[in-house]
$ cat coords.csv   # CSV, C-alpha atoms and all ligand atoms
chain,number,residue,atom,x,y,z
A,24,PHE,CA,5.1,8.9,15.7
A,25,ARG,CA,7.3,9.1,12.6
A,26,ASP,CA,9.9,6.8,14.0
A,27,SER,CA,7.4,4.2,14.9
A,28,PHE,CA,6.3,3.8,11.3
A,29,ALA,CA,9.6,3.9,9.5
A,30,PRO,CA,12.0,1.2,10.4
A,31,LYS,CA,15.7,2.2,10.5
A,32,ALA,CA,16.6,0.2,7.4
A,33,VAL,CA,14.2,2.2,5.3
A,34,LYS,CA,15.9,5.4,6.3
A,35,GLN,CA,19.2,5.0,4.5
A,36,ASN,CA,21.0,8.3,5.3
A,37,SER,CA,20.8,9.0,9.0
A,38,ASP,CA,22.4,12.4,8.6
A,39,SER,CA,19.6,13.7,6.5
A,40,ILE,CA,17.1,12.3,9.0
A,41,THR,CA,18.5,14.3,11.9
A,42,ARG,CA,18.7,17.5,9.7
A,43,PHE,CA,15.1,17.0,8.3
A,44,GLN,CA,12.4,18.8,10.3
A,45,PRO,CA,8.9,18.3,9.0
A,46,ARG,CA,6.5,21.2,8.9
A,47,ALA,CA,3.5,20.5,11.1
A,48,SER,CA,-0.1,20.1,9.9
A,49,SER,CA,0.1,20.9,6.2
A,50,PHE,CA,-1.5,18.1,4.1
A,51,LYS,CA,-5.0,17.0,3.2
A,52,VAL,CA,-5.7,13.3,3.1
A,53,ALA,CA,-8.9,11.6,2.0
A,54,ILE,CA,-9.9,8.0,2.8
A,55,LEU,CA,-12.5,6.4,0.4
A,56,GLY,CA,-14.1,3.6,2.3
A,57,ALA,CA,-13.4,5.3,5.6
A,58,ALA,CA,-16.1,3.6,7.7
A,59,GLY,CA,-14.9,0.1,7.0
A,60,GLY,CA,-12.8,-2.4,8.9
A,61,ILE,CA,-9.5,-0.8,7.5
A,62,GLY,CA,-10.9,2.7,7.1
A,63,GLN,CA,-11.7,3.3,10.7
A,64,PRO,CA,-8.4,2.4,12.4
A,65,LEU,CA,-6.6,4.0,9.4
A,66,ALA,CA,-8.5,7.2,10.0
A,67,LEU,CA,-7.5,7.1,13.7
A,68,LEU,CA,-3.8,6.6,12.9
A,69,ILE,CA,-3.8,9.4,10.3
A,70,LYS,CA,-5.6,11.7,12.7
A,71,MET,CA,-2.5,11.3,14.9
A,72,SER,CA,-0.1,12.5,12.2
A,73,PRO,CA,1.5,15.9,12.7
A,74,LEU,CA,1.8,16.3,9.0
A,75,VAL,CA,-2.0,16.3,8.3
A,76,SER,CA,-4.1,19.4,8.5
A,77,THR,CA,-7.4,18.0,7.2
A,78,LEU,CA,-8.7,14.4,7.0
A,79,HIS,CA,-11.7,13.7,4.7
A,80,LEU,CA,-13.7,10.6,5.4
A,81,TYR,CA,-15.8,9.3,2.5
A,82,ASP,CA,-18.0,6.2,2.5
A,83,ILE,CA,-21.4,5.1,1.1
A,84,ALA,CA,-22.5,4.3,4.7
A,85,ASN,CA,-21.9,5.1,8.4
A,86,VAL,CA,-19.5,7.9,7.9
A,87,LYS,CA,-21.4,10.4,10.1
A,88,GLY,CA,-20.8,8.6,13.3
A,89,VAL,CA,-17.2,7.8,12.5
A,90,THR,CA,-16.5,11.5,11.8
A,91,ALA,CA,-18.2,12.7,15.0
A,92,ASP,CA,-16.3,10.1,17.0
A,93,LEU,CA,-12.9,10.8,15.5
A,94,SER,CA,-13.3,14.6,15.5
A,95,HIS,CA,-13.3,14.6,19.3
A,96,CYS,CA,-9.6,13.5,19.4
A,97,ASN,CA,-7.5,16.6,20.4
A,98,THR,CA,-4.9,16.2,17.7
A,99,PRO,CA,-4.5,19.2,15.3
A,100,SER,CA,-6.1,17.9,12.1
A,101,GLN,CA,-9.7,18.7,11.2
A,102,VAL,CA,-12.0,15.7,10.3
A,103,LEU,CA,-14.8,16.1,7.7
A,104,GLY,CA,-17.2,13.4,6.7
A,105,PHE,CA,-18.8,12.9,3.3
A,106,THR,CA,-21.3,10.3,2.3
A,107,GLY,CA,-23.0,9.1,-0.9
A,108,ALA,CA,-21.9,9.6,-4.5
A,109,ALA,CA,-23.1,13.2,-4.5
A,110,GLU,CA,-20.6,14.2,-1.9
A,111,LEU,CA,-17.7,12.3,-3.4
A,112,PRO,CA,-16.3,15.3,-5.4
A,113,ASN,CA,-16.3,17.5,-2.3
A,114,SER,CA,-14.4,14.8,-0.4
A,115,LEU,CA,-11.6,15.0,-2.9
A,116,LYS,CA,-11.2,18.8,-3.3
A,117,GLY,CA,-7.6,20.0,-2.7
A,118,VAL,CA,-6.5,16.6,-1.4
A,119,ASP,CA,-2.8,15.6,-1.5
A,120,VAL,CA,-3.1,11.9,-0.8
A,121,VAL,CA,-6.2,9.7,-1.5
A,122,VAL,CA,-6.3,6.3,0.1
A,123,ILE,CA,-8.7,3.7,-1.2
A,124,PRO,CA,-9.7,0.8,1.0
A,125,ALA,CA,-13.3,0.7,-0.4
A,126,GLY,CA,-14.7,-2.7,-1.3
A,127,VAL,CA,-15.5,-6.1,-0.1
A,128,PRO,CA,-13.0,-8.3,1.8
A,129,ARG,CA,-12.4,-12.1,1.5
A,130,LYS,CA,-14.2,-14.9,3.4
A,131,PRO,CA,-12.5,-18.3,4.0
A,132,GLY,CA,-12.1,-20.3,0.8
A,133,MET,CA,-11.9,-17.2,-1.5
A,134,THR,CA,-9.0,-15.9,-3.4
A,135,ARG,CA,-8.4,-12.1,-3.7
A,136,ASP,CA,-9.3,-12.5,-7.4
A,137,ASP,CA,-12.8,-13.7,-6.3
A,138,LEU,CA,-13.3,-10.1,-5.2
A,139,PHE,CA,-12.7,-8.8,-8.7
A,140,ASN,CA,-16.3,-8.5,-10.0
A,141,ILE,CA,-17.4,-6.2,-7.1
A,142,ASN,CA,-14.2,-4.3,-6.3
A,143,ALA,CA,-13.2,-3.5,-9.9
A,144,ASN,CA,-16.3,-1.4,-10.4
A,145,ILE,CA,-15.9,0.3,-7.0
A,146,VAL,CA,-12.2,1.2,-7.8
A,147,LYS,CA,-13.1,2.4,-11.3
A,148,ASP,CA,-15.8,4.7,-10.1
A,149,LEU,CA,-13.7,6.2,-7.3
A,150,VAL,CA,-10.7,6.7,-9.4
A,151,GLU,CA,-12.8,8.5,-12.1
A,152,ALA,CA,-13.8,10.9,-9.4
A,153,VAL,CA,-10.2,11.4,-8.3
A,154,ALA,CA,-9.2,12.1,-11.9
A,155,ASP,CA,-11.9,14.7,-12.2
A,156,THR,CA,-11.3,16.5,-8.9
A,157,CYS,CA,-7.7,16.0,-7.6
A,158,PRO,CA,-5.7,14.5,-10.5
A,159,ASP,CA,-2.4,15.6,-8.9
A,160,ALA,CA,-2.9,13.6,-5.7
A,161,PHE,CA,-0.9,10.5,-4.7
A,162,ILE,CA,-3.4,7.6,-5.1
A,163,HIS,CA,-2.9,4.6,-2.7
A,164,ILE,CA,-4.9,1.6,-3.8
A,165,ILE,CA,-5.7,-1.0,-1.0
A,166,SER,CA,-8.8,-2.6,-2.5
A,167,ASN,CA,-8.2,-6.2,-3.7
A,168,PRO,CA,-7.2,-7.7,-5.9
A,169,VAL,CA,-4.4,-5.1,-5.9
A,170,ASN,CA,-2.6,-6.9,-8.8
A,171,SER,CA,-5.6,-5.9,-11.0
A,172,THR,CA,-7.1,-2.8,-9.3
A,173,VAL,CA,-3.9,-0.8,-9.8
A,174,PRO,CA,-3.9,-1.5,-13.6
A,175,ILE,CA,-7.6,-0.6,-13.6
A,176,ALA,CA,-6.9,2.7,-11.9
A,177,ALA,CA,-4.1,3.4,-14.4
A,178,GLU,CA,-6.4,2.8,-17.4
A,179,VAL,CA,-9.1,5.0,-15.9
A,180,LEU,CA,-6.6,7.8,-15.3
A,181,LYS,CA,-5.3,7.4,-18.9
A,182,GLN,CA,-8.9,7.6,-20.3
A,183,LYS,CA,-9.3,10.9,-18.4
A,184,GLY,CA,-6.0,12.1,-19.7
A,185,VAL,CA,-4.4,12.6,-16.3
A,186,TYR,CA,-2.3,9.5,-15.7
A,187,ASP,CA,0.9,10.1,-13.8
A,188,PRO,CA,2.5,6.7,-13.2
A,189,LYS,CA,4.7,8.3,-10.5
A,190,LYS,CA,1.6,9.0,-8.4
A,191,LEU,CA,-0.3,5.7,-8.5
A,192,PHE,CA,0.6,3.1,-5.8
A,193,GLY,CA,-0.6,-0.3,-4.9
A,194,VAL,CA,-0.2,-0.6,-1.2
A,195,THR,CA,1.9,-3.7,-0.4
A,196,THR,CA,3.3,-2.4,2.8
A,197,LEU,CA,1.5,-5.0,4.8
A,198,ASP,CA,3.7,-7.7,3.1
A,199,VAL,CA,6.8,-5.9,4.3
A,200,VAL,CA,5.4,-5.4,7.8
A,201,ARG,CA,4.6,-9.1,8.0
A,202,ALA,CA,7.9,-10.2,6.6
A,203,ASN,CA,9.8,-8.0,9.1
A,204,THR,CA,7.7,-9.4,12.0
A,205,PHE,CA,8.1,-13.0,11.0
A,206,VAL,CA,11.8,-12.8,10.3
A,207,ALA,CA,12.5,-10.9,13.5
A,208,GLN,CA,10.6,-13.6,15.5
A,209,ARG,CA,12.2,-16.5,13.7
A,210,LYS,CA,15.8,-15.2,14.0
A,211,ASN,CA,15.4,-13.5,17.4
A,212,LEU,CA,16.2,-10.0,16.0
A,213,LYS,CA,15.2,-6.6,17.3
A,214,LEU,CA,12.1,-5.8,15.3
A,215,ILE,CA,13.0,-2.1,14.7
A,216,ASP,CA,16.2,-3.1,12.9
A,217,VAL,CA,14.6,-5.6,10.4
A,218,ASP,CA,13.8,-4.7,6.9
A,219,VAL,CA,12.9,-7.3,4.2
A,220,PRO,CA,12.1,-6.1,0.7
A,221,VAL,CA,9.0,-7.8,-0.7
A,222,VAL,CA,8.6,-7.7,-4.5
A,223,GLY,CA,6.2,-9.0,-7.2
A,224,GLY,CA,2.5,-8.4,-6.4
A,225,HIS,CA,0.0,-8.9,-3.6
A,226,ALA,CA,-1.6,-12.3,-3.9
A,227,GLY,CA,-0.3,-15.8,-3.1
A,228,ILE,CA,2.9,-16.7,-5.0
A,229,THR,CA,3.1,-13.2,-6.5
A,230,ILE,CA,4.2,-12.0,-3.0
A,231,LEU,CA,7.9,-12.6,-3.1
A,232,PRO,CA,9.9,-11.8,0.1
A,233,LEU,CA,13.6,-11.4,-0.8
A,234,LEU,CA,15.0,-12.9,2.4
A,235,SER,CA,18.6,-12.8,1.1
A,236,LYS,CA,18.3,-9.0,1.1
A,237,THR,CA,17.2,-8.8,4.7
A,238,LYS,CA,18.8,-6.0,6.7
A,239,PRO,CA,20.6,-6.5,8.9
A,240,SER,CA,22.4,-9.3,7.0
A,241,VAL,CA,21.2,-12.7,8.3
A,242,SER,CA,21.6,-16.2,7.0
A,243,PHE,CA,18.7,-18.7,6.6
A,244,THR,CA,18.7,-22.4,6.1
A,245,ASP,CA,16.8,-23.7,3.1
A,246,GLU,CA,14.0,-24.9,5.5
A,247,GLU,CA,13.7,-21.4,7.0
A,248,VAL,CA,13.5,-19.8,3.6
A,249,GLU,CA,10.7,-22.1,2.5
A,250,GLU,CA,8.8,-21.8,5.8
A,251,LEU,CA,9.1,-18.0,6.0
A,252,THR,CA,8.3,-17.4,2.3
A,253,VAL,CA,5.2,-19.6,2.5
A,254,ARG,CA,4.0,-17.9,5.8
A,255,ILE,CA,4.5,-14.4,4.3
A,256,GLN,CA,2.6,-15.4,1.1
A,257,ASN,CA,-0.3,-16.9,3.1
A,258,ALA,CA,-0.4,-14.4,5.9
A,259,GLY,CA,-3.6,-12.8,4.5
A,260,THR,CA,-5.3,-16.1,4.4
A,261,GLU,CA,-4.1,-16.9,7.9
A,262,VAL,CA,-6.1,-13.8,9.1
A,263,VAL,CA,-9.1,-14.5,6.9
A,264,GLU,CA,-9.3,-18.1,8.4
A,265,ALA,CA,-8.8,-16.8,11.9
A,266,LYS,CA,-11.6,-14.3,11.5
A,267,ALA,CA,-13.8,-17.1,10.1
A,268,GLY,CA,-16.1,-15.1,7.9
A,269,ALA,CA,-15.8,-11.7,9.7
A,270,GLY,CA,-13.4,-10.3,7.1
A,271,SER,CA,-9.7,-10.0,6.4
A,272,ALA,CA,-6.8,-8.1,8.0
A,273,THR,CA,-7.9,-4.6,9.1
A,274,LEU,CA,-5.7,-3.6,12.1
A,275,SER,CA,-2.3,-4.6,10.7
A,276,MET,CA,-3.5,-3.3,7.3
A,277,ALA,CA,-4.4,0.1,8.8
A,278,TYR,CA,-1.0,0.2,10.5
A,279,ALA,CA,0.7,-0.6,7.2
A,280,ALA,CA,-1.4,1.9,5.2
A,281,ALA,CA,-0.7,4.6,7.8
A,282,ARG,CA,3.0,3.9,7.5
A,283,PHE,CA,2.7,4.3,3.7
A,284,VAL,CA,0.7,7.5,4.0
A,285,GLU,CA,3.2,8.9,6.5
A,286,SER,CA,6.1,8.1,4.1
A,287,SER,CA,4.3,9.8,1.3
A,288,LEU,CA,3.6,12.9,3.3
A,289,ARG,CA,7.2,13.0,4.4
A,290,ALA,CA,8.3,12.8,0.8
A,291,LEU,CA,5.8,15.5,-0.2
A,292,ASP,CA,7.2,17.6,2.6
A,293,GLY,CA,10.7,17.5,1.2
A,294,ASP,CA,12.3,14.6,3.0
A,295,THR,CA,14.7,13.2,0.5
A,296,ASP,CA,15.3,9.9,2.2
A,297,VAL,CA,12.1,8.0,1.9
A,298,TYR,CA,12.0,4.4,0.7
A,299,GLU,CA,9.1,1.9,0.7
A,300,CYS,CA,8.0,-1.1,-1.3
A,301,SER,CA,5.0,-0.5,-3.5
A,302,TYR,CA,3.3,-2.0,-6.6
A,303,VAL,CA,3.8,0.6,-9.3
A,304,GLN,CA,4.2,0.9,-13.0
A,305,SER,CA,7.7,-0.4,-13.5
A,306,GLU,CA,10.4,-1.4,-16.0
A,307,LEU,CA,12.2,-3.6,-13.6
A,308,THR,CA,10.9,-6.7,-15.3
A,309,GLU,CA,9.0,-7.3,-18.5
A,310,LEU,CA,5.7,-6.8,-16.6
A,311,PRO,CA,4.2,-3.3,-16.7
A,312,PHE,CA,3.4,-3.3,-13.0
A,313,PHE,CA,5.6,-4.8,-10.3
A,314,ALA,CA,6.2,-4.3,-6.6
A,315,SER,CA,9.6,-3.4,-5.5
A,316,ARG,CA,11.4,-0.8,-3.4
A,317,ILE,CA,10.9,2.7,-4.6
A,318,LYS,CA,12.3,6.1,-3.6
A,319,LEU,CA,9.6,8.5,-2.9
A,320,GLY,CA,9.9,12.2,-3.6
A,321,LYS,CA,7.7,15.3,-3.9
A,322,LYS,CA,6.5,14.2,-7.3
A,323,GLY,CA,5.9,10.6,-6.3
A,324,VAL,CA,8.1,7.7,-7.4
A,325,GLU,CA,11.5,9.2,-7.9
A,326,ALA,CA,13.2,5.9,-8.6
A,327,VAL,CA,12.5,2.2,-8.7
A,328,ILE,CA,15.4,0.6,-6.9
A,329,PRO,CA,16.8,-2.1,-9.2
A,330,SER,CA,19.4,-3.6,-6.9
A,331,ASP,CA,17.0,-5.9,-5.0
A,332,LEU,CA,16.5,-8.0,-8.1
A,333,GLN,CA,20.3,-8.4,-8.6
A,334,GLY,CA,22.1,-11.3,-7.2
A,335,LEU,CA,19.0,-13.3,-6.2
A,336,THR,CA,19.4,-16.8,-4.7
A,337,GLU,CA,18.4,-19.7,-6.9
A,338,TYR,CA,15.2,-20.1,-4.8
A,339,GLU,CA,14.3,-16.4,-5.3
A,340,ALA,CA,15.2,-16.4,-9.0
A,341,LYS,CA,12.9,-19.5,-9.6
A,342,ALA,CA,10.1,-17.9,-7.5
A,343,LEU,CA,10.4,-14.7,-9.5
A,344,GLU,CA,10.0,-16.6,-12.8
A,345,ALA,CA,7.1,-18.6,-11.3
A,346,LEU,CA,5.1,-15.6,-10.2
A,347,LYS,CA,5.3,-13.8,-13.6
A,348,PRO,CA,2.5,-15.6,-15.5
A,349,GLU,CA,0.0,-15.1,-12.6
A,350,LEU,CA,0.9,-11.5,-12.2
A,351,LYS,CA,0.7,-10.9,-16.0
A,352,ALA,CA,-2.7,-12.5,-16.2
A,353,SER,CA,-4.0,-10.3,-13.3
A,354,ILE,CA,-2.6,-7.2,-14.9
A,355,GLU,CA,-4.2,-8.0,-18.3
A,356,LYS,CA,-7.5,-8.8,-16.6
A,357,GLY,CA,-7.6,-5.4,-15.0
A,358,ILE,CA,-6.6,-3.6,-18.2
A,359,ALA,CA,-9.3,-5.5,-20.2
A,360,PHE,CA,-11.9,-4.7,-17.6
A,361,ALA,CA,-11.1,-1.0,-17.7
A,362,ASN,CA,-11.2,-0.8,-21.5
A,363,LYS,CA,-14.3,-2.9,-22.2
A,364,GLN,CA,-17.2,-1.1,-23.8
A,365,PRO,CA,-20.1,-0.3,-21.5
B,1,LIG,P1,-15.0,-3.6,4.9
B,1,LIG,O1,-16.1,-4.3,4.2
B,1,LIG,O2,-14.9,-3.7,6.4
B,1,LIG,O3,-15.0,-2.0,4.5
B,1,LIG,C1,-15.1,-1.6,3.2
B,1,LIG,C2,-15.8,-0.3,3.2
B,1,LIG,O4,-15.9,0.2,1.9
B,1,LIG,C3,-17.2,-0.3,3.8
B,1,LIG,O5,-17.3,0.7,4.8
B,1,LIG,C4,-18.1,0.0,2.6
B,1,LIG,O6,-19.3,0.8,3.0
B,1,LIG,C5,-17.1,0.8,1.8
B,1,LIG,N1,-17.5,0.9,0.4
B,1,LIG,C6,-18.1,0.0,-0.4
B,1,LIG,N2,-18.3,0.5,-1.7
B,1,LIG,C7,-17.9,1.8,-1.6
B,1,LIG,C8,-17.9,2.8,-2.6
B,1,LIG,N3,-18.4,2.6,-3.8
B,1,LIG,N4,-17.4,4.0,-2.2
B,1,LIG,C9,-16.9,4.2,-0.9
B,1,LIG,N5,-16.9,3.2,0.0
B,1,LIG,C10,-17.4,2.0,-0.3
B,1,LIG,O7,-13.6,-4.1,4.2
B,1,LIG,P2,-12.1,-4.0,4.7
B,1,LIG,O8,-11.8,-5.0,5.6
B,1,LIG,O9,-11.9,-2.6,5.1
B,1,LIG,O10,-11.3,-4.2,3.4
B,1,LIG,C11,-11.4,-3.4,2.3
B,1,LIG,C12,-10.6,-3.8,1.1
B,1,LIG,O11,-9.2,-3.8,1.4
B,1,LIG,C13,-10.9,-5.3,0.6
B,1,LIG,O12,-11.0,-5.3,-0.8
B,1,LIG,C14,-9.8,-6.1,1.1
B,1,LIG,O13,-9.5,-7.2,0.4
B,1,LIG,C15,-8.6,-5.1,1.0
B,1,LIG,N6,-7.4,-5.3,1.7
B,1,LIG,C16,-6.2,-5.1,1.1
B,1,LIG,C17,-5.0,-5.3,1.8
B,1,LIG,C18,-3.7,-5.0,1.1
B,1,LIG,O14,-2.7,-5.4,1.7
B,1,LIG,N7,-3.7,-4.2,0.1
B,1,LIG,C19,-5.1,-5.8,3.1
B,1,LIG,C20,-6.3,-6.0,3.7
B,1,LIG,C21,-7.5,-5.8,3.0
B,2,LIG,C1,-4.1,-9.3,3.2
B,2,LIG,O1,-3.0,-9.6,2.6
B,2,LIG,O2,-4.3,-9.4,4.4
B,2,LIG,C2,-5.2,-8.7,2.3
B,2,LIG,O3,-4.8,-8.7,1.0
B,2,LIG,C3,-6.5,-9.3,2.6
B,2,LIG,C4,-6.7,-10.7,2.1
B,2,LIG,O4,-7.7,-11.0,1.5
B,2,LIG,O5,-5.9,-11.5,2.4
$ encode --input "coords.csv" --output "structure tokens"
Amino acid sequence: FRDSFAPKAVKQNSDSITRFQPRASSFKVAILGAAGGIGQPLALLIKMSPLVSTLHLYDIANVKGVTADLSHCNTPSQVLGFTGAAELPNSLKGVDVVVIPAGVPRKPGMTRDDLFNINANIVKDLVEAVADTCPDAFIHIISNPVNSTVPIAAEVLKQKGVYDPKKLFGVTTLDVVRANTFVAQRKNLKLIDVDVPVVGGHAGITILPLLSKTKPSVSFTDEEVEELTVRIQNAGTEVVEAKAGAGSATLSMAYAAARFVESSLRALDGDTDVYECSYVQSELTELPFFASRIKLGKKGVEAVIPSDLQGLTEYEAKALEALKPELKASIEKGIAFANKQP
């Protein structure tokens, strides 16, 4: 299970992998928005993890049935359901990792930022509860627009006096998953070997795949770079259009989120060789939040890996400069929202 989530290139030191033995069934995970399109398959994947002892499912609707259904799987973890605001604190008690996919998804013709008005309030309320009940947990934000909801979460945690920037993550794993898939297909590579870092943010041109840093080393024509970059940036919209009003990516997102949860649990469990891309507080650029490769440890972000931004191609360097104004505006919008007077 572990190996299916973590591609080889993410694991940098193969020696430490073979030496590392995870303890079984030790961590508590909560999903907020667990009965939704992402929440349900994500719950299923997390139920399969040997590192999880208890899985808490929270939603404002339909959680009872999902909990009953999932609890019949004969994997070790216990599944408990919580519904409605009154049960939110209990759903967060003693939790090590909180995953937040609560909120509305896009329909064709919408941008992720069009979701801001609804999802900003949802994320604010949920993160307030996290701050009150399990302030030491890793917080994985999936709800869009991630470029703004992560800064909102940071401000809420600051207001509550419990902000630990090392433990707040915007989930951008799906961008990496897509980049790996599309590059492997285009270049005829074995999927398990491919790892493409994706930096910036999680919307349109703020999603910047660094194709020149692809592992294993592979060369692309200018046309391939343009085609792959645009496809990776628009992959969310590709799914939204194919679903034609029935929502956005759920299955690939659940897969990607489960990989990020598994990586976090491995790090919490003492694995010292865990790397993922994530949108975090960062000093890599002049922007306060930026997605890049990070090293995960027991205390969260152990290091932001600077080397990916060094030696960029001219195409990537230009794209990096081009994304900054949009990402900056989304960050500022989130911060302003969280600090506005009620
Ligand atoms: P969905 O509508 O199928 O499910 C959302 C769930 O959230 C529903 O079950 C709903 O009842 C629940 N919910 C709403 N308000 C809530 C609240 N206050 N507390 C708890 N639960 C609440 O949507 P989905 O397809 O699962 O997508 C969820 C979010 O994830 C969207 O904002 C979408 O844009 C985002 N998303 C992000 C990525 C990413 O890469 N980060 C990828 C795909 C989707
Ligand atoms: C995605 O990348 O699939 C998500 O952000 C959902 C969306 O609205 O595209």
$ axis_aligned_box --input "coords.csv" --around "ligand LIG 1 (chain B)" --padding-each-side "6 Å" --output "lines of an AutoDock Vina configuration file"
center_x = -11.0
center_y = -1.5
center_z = 1.3
size_x = 28.6
size_y = 23.4
size_z = 22.2
$ closest_atom_pairs --input "coords.csv" --of "chain A" --to "ligand LIG 2 (chain B)" --cutoff "9 Å" --atoms "only C-alpha atoms and all ligand atoms" --output "tab-separated table"
residue	atom	partner	partner_atom	distance
A:Pro128	CA	B:LIG2	O4	6.0
A:Arg129	CA	B:LIG2	O4	4.8
A:Lys130	CA	B:LIG2	O4	7.8
A:Met133	CA	B:LIG2	O4	8.1
A:Thr134	CA	B:LIG2	O4	7.1
A:Arg135	CA	B:LIG2	O4	5.4
A:Leu138	CA	B:LIG2	O4	8.8
A:Ile165	CA	B:LIG2	O3	8.0
A:Ser166	CA	B:LIG2	O3	8.1
A:Asn167	CA	B:LIG2	O3	6.3
A:Pro168	CA	B:LIG2	O3	7.4
A:Val169	CA	B:LIG2	O3	7.8
A:Thr195	CA	B:LIG2	O1	8.2
A:Leu197	CA	B:LIG2	O1	6.8
A:Asp198	CA	B:LIG2	O1	7.0
A:His225	CA	B:LIG2	O3	6.7
A:Ala226	CA	B:LIG2	O3	6.9
A:Gly227	CA	B:LIG2	O1	8.8
A:Gln256	CA	B:LIG2	O1	8.2
A:Asn257	CA	B:LIG2	O1	7.8
A:Ala258	CA	B:LIG2	O1	6.4
A:Gly259	CA	B:LIG2	O5	3.4
A:Thr260	CA	B:LIG2	O5	5.1
A:Glu261	CA	B:LIG2	O5	7.9
A:Val262	CA	B:LIG2	O2	6.7
A:Val263	CA	B:LIG2	O5	6.3
A:Gly270	CA	B:LIG2	O4	8.0
A:Ser271	CA	B:LIG2	C3	5.0
A:Ala272	CA	B:LIG2	O2	4.6
A:Thr273	CA	B:LIG2	O2	7.6
A:Ser275	CA	B:LIG2	O2	8.2
A:Met276	CA	B:LIG2	O2	6.8
$ closest_residue --input "coords.csv" --among "A:Ala277, A:Ala207, A:Ala154, A:Leu288" --to "Ser240 (chain A)" --atoms "all atoms listed in the file"
A:Ala207
$ residues_around --input "coords.csv" --residues "Asp119 (chain A)" --least-positions-apart "4" --cutoff "9 Å" --atoms "all atoms listed in the file" --output "PyMOL selection string"
chain A and resi 50-53+115+157+159-162+288+291
$ atom_distance --input "coords.csv" --atom1 "CA of Leu111 (chain A)" --atom2 "CA of Glu355 (chain A)"
28.6 Å
$ atom_distance --input "coords.csv" --atom1 "CA of Ala340 (chain A)" --atom2 "CA of Val222 (chain A)"
11.8 Å
$ closest_residue --input "coords.csv" --among "A:Ile175, A:Val153, A:Ala267, A:Ala280" --to "ligand LIG 1 (chain B)" --atoms "only C-alpha atoms and all ligand atoms"
A:Ala280
$ atom_distance --input "coords.csv" --atom1 "CA of Val185 (chain A)" --atom2 "atom C4 of ligand LIG 1 (chain B)"
26.5 Å
$ closest_residue --input "coords.csv" --among "A:Ser171, A:Ser315, A:Asn113, A:Thr196" --to "ligand LIG 1 (chain B)" --atoms "all atoms listed in the file"
A:Thr196
$ residues_around --input "coords.csv" --residues "Val102 (chain A)" --least-positions-apart "3" --cutoff "8 Å" --atoms "all atoms listed in the file" --output "list in words"
Lys70, Thr77, Leu78, His79, Leu80, Thr90, Leu93 and Ser94 of chain A
$ residues_around --input "coords.csv" --residues "Ala352 (chain A)" --least-positions-apart "6" --cutoff "12 Å" --atoms "only C-alpha atoms" --output "number ranges by chain"
A: 136, 170-171, 174, 224, 229, 310-312, 346, 358-359
$ closest_residue --input "coords.csv" --among "A:Leu103, A:Leu251, A:Ala269, A:Leu214" --to "ligand LIG 1 (chain B)" --atoms "all atoms listed in the file"
A:Ala269
